[in-house]
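For reference, the structure is listed below as structure tokens.
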Amino acid sequence: MATAATLTPEQVRCRSLQSGTIGAIVEWYEYTIYGVAAALVFGHLFFPDLAPGIGQIVSLATFGVGFLARPIGAFVAGHLGDRIGRKSTLILTFSIMTVATAAIGLVPTYEQIGVAAPLLLCVLRLAQGFAVGGEWGGAAIIAVENAPRARRGYFGAWPQIGVSAGLLLGTAAVSLAAWLSGDAFETWGWRVPFLLSTVLAGVGFAIRLRATESPAFLAEKAKMDAELERRKAPAAVLFRDHRRPLLITIFGRFAEAGNYYLFTTFILSYVTTTLEVPKSYGLTASMIGAAVNIVMIPVFGAVSDRIGRVRTFLIGGTLIVITTWPVFALVHTGRLWAIVAGVVLFLALGHAMVYAPLPALYCEMFPTAVRYSGISIGYQMASILLASFTPALAGAMVLWADGSLWMVIAFAIVTTLVAMVAIAYAPDHRDRELDEIGDTARTPATENGTKAVV
């Protein structure tokens with residue numbers, strides 16, 4: 001077997017890209033099937049004593065519980081990733097996610113063990129959130145740090161397909177389980193996708209074990225061992241010296257962090273409970289939208305290598321603002337073709353354009369010594385601020401507005417505008433080597449010497 005010392009640069013890049021991408025796909029499959037199950041059956045199985053509408057909101061709220069543990073996972077994984085290595089940390093987060101997901105597939109329902117059932121479900125959801133908290137940063141870094149300088153946007157975009165690929169696989173798995181189990185779906189069929197995750201995990205482990213650390217990290221680790229200052233916790237250095245890029249990282253996610261779940265998890269619940277159309281409508285829209293999103297994310301990652309990360313993001317944000325009302329108008333018709341068209345429109349254009357450049361942009365804002373901590377903590381703090389309870393909040397907004405979607409539409413537009421303002425002040429370092437990037441917290445926010453504009 002080839003060792004890291006005998007691998008060519010192309011082989012290292014290939015293995016790193018495979019590790020970041022495949023691992024992200026498996027973890028997001030495991031994360032997604034919970035969201036789908038929460039939207040479809042958890043309200044009946046774990047909160048049967050609540051009124052149907054309230055039970056549905058509480059069920060979606062358990063989806064948000066996992067986000068509470070994300071910042072903790074980001075802090076822990078960020079520290080380990082910046083200290084001992086990206087590869088080892090990713091294997092750890094992968095293991096935690098796999099065990100928690102399989103265990104969810106075995107949890108008894110409320111009818112079987114009473115209140116212990118939803119409590120146990122929430123504990124396992126917290127474990128999932130902890131694992132995901134450290135996953136995204138590591139997957140993005142291992143791809144970007146090993147990429148050629150001129151193609152960091154393209155390489156970094158590949159792990160981003162993990163969310164939509166996981167959505168596609170997860171939704172397909174739930175749909176297949178529902179078809180096979182028929183009327184028994186709420187009895188045992190919903191458990192099948194969770195238990196199947198162990199098979200996918202085996203593939204992910206095999207690929208991640210073949211990955212190697214990036215030269216940038218190995219060089220930085222050697223310096224850390226020699227410099228007393230660098231022995232401070234990476235998070236402490238991050239909050240002391242890199243507050244500005246950290247804030248940009250947090251608020252820059254507002255365009256996609258909550259909106260993604262509005263157009264996937266919330267819409268799946270909305271069309272089945274409020275519009276009372278078959279759940280296959282929402283599942284079909286999610287799968288087709290995810291497939292198109294997978295294709296477009298690498299495309300827009302490559303675009304960011306040409307025109308800049310900031311410009312790519314701002315164009316995507318503008319598209320989200322323009323299309324949010326038409327998308328929800330299509331969904332509200334309750335027709336299959338319109339629901340599919342609405343979800344595809346959001347995921348293929350606006351979301352793909354704001355999501356694709358983030359790994360490269362965020363990696364290029366932090367020096368190697370705190371990169372894992374910086375992008376993980378920033379990314380996951382945004383998740384808990386915005387994405388965590390967005391599906392449940394959107395459900396409540398619909399109830400408050402007597403079935404109208406205007407509050408949800410306003411929420412999506414305002415959060416996107418916040419993100420656009422933050423990213424407009426981000427530096428674009430796509431022409432610099434990663435090991436040359438220093439304290440961006442004290443660097444003027446410029447793009448090739450001028451303030452970023454679309």
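In the structure tokens, each chain is lettered A, B, ... as it comes, each chain's residues begin at 1, and ligands are numbered from 1 in order of appearance.
By only C-alpha atoms, and with residues fewer than 5 positions from Phe266 in chain A along its chain excluded, the set lying at most 9 Å from it is Ala39, Leu60, Tyr261, Val271, Thr390, Pro391, Ala392, Ala394 and Gly395 of chain A.
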Mind dumping the selected residues with N, CA and C atoms as a PDB file, in the first residue's frame?
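Dumped to again02.pdb:
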ATOM      1  N   ALA A  39     -40.316  15.175   9.882  1.00  0.00           N
ATOM      2  CA  ALA A  39     -41.397  15.833   9.151  1.00  0.00           C
ATOM      3  C   ALA A  39     -42.568  14.893   8.888  1.00  0.00           C
ATOM      4  N   LEU A  60     -40.537  18.839  14.607  1.00  0.00           N
ATOM      5  CA  LEU A  60     -39.535  19.602  13.863  1.00  0.00           C
ATOM      6  C   LEU A  60     -38.560  20.285  14.809  1.00  0.00           C
ATOM      7  N   TYR A 261     -33.167  24.787   4.828  1.00  0.00           N
ATOM      8  CA  TYR A 261     -34.142  23.958   5.532  1.00  0.00           C
ATOM      9  C   TYR A 261     -35.574  24.446   5.307  1.00  0.00           C
ATOM     10  N   VAL A 271     -46.339  20.890   2.720  1.00  0.00           N
ATOM     11  CA  VAL A 271     -47.198  20.352   1.659  1.00  0.00           C
ATOM     12  C   VAL A 271     -48.024  19.163   2.142  1.00  0.00           C
ATOM     13  N   THR A 390     -35.302  26.746  12.352  1.00  0.00           N
ATOM     14  CA  THR A 390     -35.978  27.397  11.235  1.00  0.00           C
ATOM     15  C   THR A 390     -37.218  26.631  10.767  1.00  0.00           C
ATOM     16  N   PRO A 391     -37.160  25.294  10.576  1.00  0.00           N
ATOM     17  CA  PRO A 391     -38.383  24.598  10.155  1.00  0.00           C
ATOM     18  C   PRO A 391     -39.524  24.754  11.152  1.00  0.00           C
ATOM     19  N   ALA A 392     -39.222  24.642  12.450  1.00  0.00           N
ATOM     20  CA  ALA A 392     -40.262  24.794  13.470  1.00  0.00           C
ATOM     21  C   ALA A 392     -40.761  26.231  13.512  1.00  0.00           C
ATOM     22  N   ALA A 394     -40.754  28.374  11.040  1.00  0.00           N
ATOM     23  CA  ALA A 394     -41.553  28.605   9.840  1.00  0.00           C
ATOM     24  C   ALA A 394     -42.951  28.014  10.006  1.00  0.00           C
ATOM     25  N   GLY A 395     -43.033  26.836  10.616  1.00  0.00           N
ATOM     26  CA  GLY A 395     -44.336  26.241  10.884  1.00  0.00           C
ATOM     27  C   GLY A 395     -45.184  27.123  11.789  1.00  0.00           C
TER      28      GLY A 395
END
Between range 241-266 of chain A and range 340-351 of chain A, at 10 Å or less, what are the per-residue closest atom pairs and their distances in Å? Count only C-alpha atoms, order by chain and rising residue number, and return it as CSV.
residue,atom,partner,partner_atom,distance
A:Ala255,CA,A:His351,CA,7.9
A:Glu256,CA,A:His351,CA,6.2
A:Ala257,CA,A:His351,CA,9.7
A:Asn259,CA,A:His351,CA,8.3
A:Tyr260,CA,A:His351,CA,7.3
A:Leu262,CA,A:Val343,CA,10.0
A:Phe263,CA,A:Val343,CA,6.2
A:Thr264,CA,A:Val343,CA,7.7
Deliver the residues from the most recent selection as a file, using all heavy atoms, as a PDB file, in the first residue's frame.
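Ended up saving to selection01.pdb:
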ATOM      1  N   ALA A 255     -27.530  33.467   4.369  1.00  0.00           N
ATOM      2  CA  ALA A 255     -28.244  33.317   3.096  1.00  0.00           C
ATOM      3  C   ALA A 255     -28.683  31.891   2.840  1.00  0.00           C
ATOM      4  O   ALA A 255     -29.657  31.653   2.122  1.00  0.00           O
ATOM      5  CB  ALA A 255     -27.369  33.807   1.942  1.00  0.00           C
ATOM      6  N   GLU A 256     -27.942  30.931   3.405  1.00  0.00           N
ATOM      7  CA  GLU A 256     -28.259  29.532   3.099  1.00  0.00           C
ATOM      8  C   GLU A 256     -28.531  28.667   4.319  1.00  0.00           C
ATOM      9  O   GLU A 256     -29.199  27.641   4.209  1.00  0.00           O
ATOM     10  CB  GLU A 256     -27.133  28.900   2.267  1.00  0.00           C
ATOM     11  CG  GLU A 256     -25.718  29.062   2.810  1.00  0.00           C
ATOM     12  CD  GLU A 256     -25.375  28.094   3.921  1.00  0.00           C
ATOM     13  OE1 GLU A 256     -26.013  27.028   4.008  1.00  0.00           O
ATOM     14  OE2 GLU A 256     -24.483  28.412   4.710  1.00  0.00           O
ATOM     15  N   ALA A 257     -28.068  29.091   5.490  1.00  0.00           N
ATOM     16  CA  ALA A 257     -28.175  28.233   6.671  1.00  0.00           C
ATOM     17  C   ALA A 257     -29.614  27.883   6.995  1.00  0.00           C
ATOM     18  O   ALA A 257     -29.971  26.706   7.150  1.00  0.00           O
ATOM     19  CB  ALA A 257     -27.507  28.919   7.868  1.00  0.00           C
ATOM     20  N   ASN A 259     -32.367  29.076   5.090  1.00  0.00           N
ATOM     21  CA  ASN A 259     -33.167  28.965   3.866  1.00  0.00           C
ATOM     22  C   ASN A 259     -33.136  27.569   3.272  1.00  0.00           C
ATOM     23  O   ASN A 259     -34.120  27.109   2.685  1.00  0.00           O
ATOM     24  CB  ASN A 259     -32.678  29.981   2.830  1.00  0.00           C
ATOM     25  CG  ASN A 259     -33.023  31.408   3.227  1.00  0.00           C
ATOM     26  OD1 ASN A 259     -33.899  31.628   4.061  1.00  0.00           O
ATOM     27  ND2 ASN A 259     -32.333  32.369   2.670  1.00  0.00           N
ATOM     28  N   TYR A 260     -32.015  26.881   3.399  1.00  0.00           N
ATOM     29  CA  TYR A 260     -31.939  25.522   2.874  1.00  0.00           C
ATOM     30  C   TYR A 260     -33.005  24.642   3.527  1.00  0.00           C
ATOM     31  O   TYR A 260     -33.674  23.853   2.851  1.00  0.00           O
ATOM     32  CB  TYR A 260     -30.548  24.944   3.107  1.00  0.00           C
ATOM     33  CG  TYR A 260     -30.386  23.535   2.594  1.00  0.00           C
ATOM     34  CD1 TYR A 260     -30.100  23.306   1.251  1.00  0.00           C
ATOM     35  CD2 TYR A 260     -30.528  22.433   3.429  1.00  0.00           C
ATOM     36  CE1 TYR A 260     -29.963  22.020   0.762  1.00  0.00           C
ATOM     37  CE2 TYR A 260     -30.396  21.146   2.951  1.00  0.00           C
ATOM     38  CZ  TYR A 260     -30.099  20.940   1.619  1.00  0.00           C
ATOM     39  OH  TYR A 260     -29.971  19.664   1.137  1.00  0.00           O
ATOM     40  N   LEU A 262     -35.730  25.731   4.947  1.00  0.00           N
ATOM     41  CA  LEU A 262     -37.053  26.194   4.559  1.00  0.00           C
ATOM     42  C   LEU A 262     -37.519  25.484   3.296  1.00  0.00           C
ATOM     43  O   LEU A 262     -38.682  25.075   3.181  1.00  0.00           O
ATOM     44  CB  LEU A 262     -37.034  27.707   4.294  1.00  0.00           C
ATOM     45  CG  LEU A 262     -37.040  28.657   5.483  1.00  0.00           C
ATOM     46  CD1 LEU A 262     -37.067  30.096   4.987  1.00  0.00           C
ATOM     47  CD2 LEU A 262     -38.225  28.393   6.393  1.00  0.00           C
ATOM     48  N   PHE A 263     -36.597  25.338   2.346  1.00  0.00           N
ATOM     49  CA  PHE A 263     -36.966  24.801   1.040  1.00  0.00           C
ATOM     50  C   PHE A 263     -36.837  23.276   0.954  1.00  0.00           C
ATOM     51  O   PHE A 263     -37.042  22.703  -0.108  1.00  0.00           O
ATOM     52  CB  PHE A 263     -36.120  25.462  -0.049  1.00  0.00           C
ATOM     53  CG  PHE A 263     -36.459  26.900  -0.276  1.00  0.00           C
ATOM     54  CD1 PHE A 263     -35.785  27.895   0.399  1.00  0.00           C
ATOM     55  CD2 PHE A 263     -37.474  27.265  -1.146  1.00  0.00           C
ATOM     56  CE1 PHE A 263     -36.097  29.229   0.205  1.00  0.00           C
ATOM     57  CE2 PHE A 263     -37.800  28.593  -1.342  1.00  0.00           C
ATOM     58  CZ  PHE A 263     -37.110  29.587  -0.665  1.00  0.00           C
ATOM     59  N   THR A 264     -36.491  22.638   2.050  1.00  0.00           N
ATOM     60  CA  THR A 264     -36.416  21.171   2.061  1.00  0.00           C
ATOM     61  C   THR A 264     -37.284  20.617   3.197  1.00  0.00           C
ATOM     62  O   THR A 264     -38.388  20.144   2.970  1.00  0.00           O
ATOM     63  CB  THR A 264     -34.959  20.691   2.192  1.00  0.00           C
ATOM     64  OG1 THR A 264     -34.343  21.306   3.340  1.00  0.00           O
ATOM     65  CG2 THR A 264     -34.155  21.050   0.946  1.00  0.00           C
TER      66      THR A 264
END
### Message
List the spatial neighbours of Ala302 in chain A as a list in words - criterion: any atom at most 9 Å away, only C-alpha atoms, same-chain residues fewer than 2 positions off excluded.
### Response
Arg151, Arg152, Gly153, Tyr154, Phe155, Ala157, Ile297, Pro298, Val299, Phe300, Ser304, Asp305, Arg306, Ala356 and Pro357 of chain A
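Remark: for Val115 in chain A, the closest of the candidate residues A:Val310, A:Ile413, A:Leu45, A:Ala396 is A:Leu45 (distances computed over only C-alpha atoms).
The closest residue to Ile294 in chain A, picked from A:Pro118, A:Gly78, A:Gly129, A:Gly162 and counting only C-alpha atoms, is A:Gly162.
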### Task
Can you list, as a ChimeraX atom specification, all residues belonging to range 149-313 of chain A that DSSP tags as alpha helix (DSSP H)?
/A:152-181,191-209,215-226,234-241,243-252,259-261,267-273,279-307,309-313
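For Pro234 in chain A, the non-local neighbours within 8 Å, defined as residues at least 3 positions apart in the same chain or in other chains and counting only C-alpha atoms, are Gly78, His79, Asp82, Arg230, Val237, Leu238, Ala369, Val370 and Ser373 of chain A.
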Go ahead and write the selection's residues with N, CA, C and O atoms as a tab-separated table (two decimals), in the first residue's frame.
chain	number	residue	atom	x	y	z
A	78	GLY	N	-12.49	21.55	16.21
A	78	GLY	CA	-11.57	22.59	15.77
A	78	GLY	C	-10.25	22.52	16.52
A	78	GLY	O	-9.17	22.63	15.92
A	79	HIS	N	-10.33	22.32	17.83
A	79	HIS	CA	-9.12	22.20	18.64
A	79	HIS	C	-8.30	20.98	18.22
A	79	HIS	O	-7.09	21.07	17.99
A	82	ASP	N	-6.84	21.38	14.58
A	82	ASP	CA	-5.70	22.29	14.49
A	82	ASP	C	-4.50	21.77	15.27
A	82	ASP	O	-3.37	22.23	15.05
A	230	ARG	N	2.14	29.43	20.03
A	230	ARG	CA	1.18	28.62	19.30
A	230	ARG	C	0.61	27.48	20.14
A	230	ARG	O	-0.28	26.78	19.70
A	237	VAL	N	-6.73	31.90	20.46
A	237	VAL	CA	-6.06	32.73	19.45
A	237	VAL	C	-7.10	33.27	18.46
A	237	VAL	O	-7.02	34.43	18.03
A	238	LEU	N	-8.04	32.42	18.10
A	238	LEU	CA	-9.07	32.82	17.14
A	238	LEU	C	-9.86	34.02	17.66
A	238	LEU	O	-10.01	35.02	16.94
A	369	ALA	N	-2.98	27.74	11.38
A	369	ALA	CA	-2.95	27.36	12.79
A	369	ALA	C	-4.33	27.39	13.43
A	369	ALA	O	-4.58	26.67	14.41
A	370	VAL	N	-5.25	28.20	12.92
A	370	VAL	CA	-6.59	28.29	13.51
A	370	VAL	C	-7.67	28.06	12.48
A	370	VAL	O	-8.85	28.36	12.72
A	373	SER	N	-10.53	25.58	13.54
A	373	SER	CA	-11.35	26.21	14.58
A	373	SER	C	-12.16	27.36	14.02
A	373	SER	O	-13.36	27.50	14.29
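Considering the residues A:Thr249, A:Thr273, A:Gln128, A:Thr368 and counting only C-alpha atoms, Gln380 in chain A has its shortest atom-to-atom contact with A:Thr249.
Between CA of Ala143 in chain A and CA of Gly156 in chain A there is a distance of 5.6 Å.
Around Lys279 in chain A, within 8 Å and counting only C-alpha atoms, the residues found are Leu40, Leu268, Val271 and Thr272 of chain A, once anything fewer than 5 positions away on its own chain is removed.
Each of A:Ala102, A:Val36, A:Ala422, A:Ile320 was checked against Met287 in chain A using only C-alpha atoms; the smallest atom-to-atom distance is that of A:Val36.
The interatomic distance for the pair CA of Ala37 in chain A and CA of Leu283 in chain A works out to 11.4 Å.
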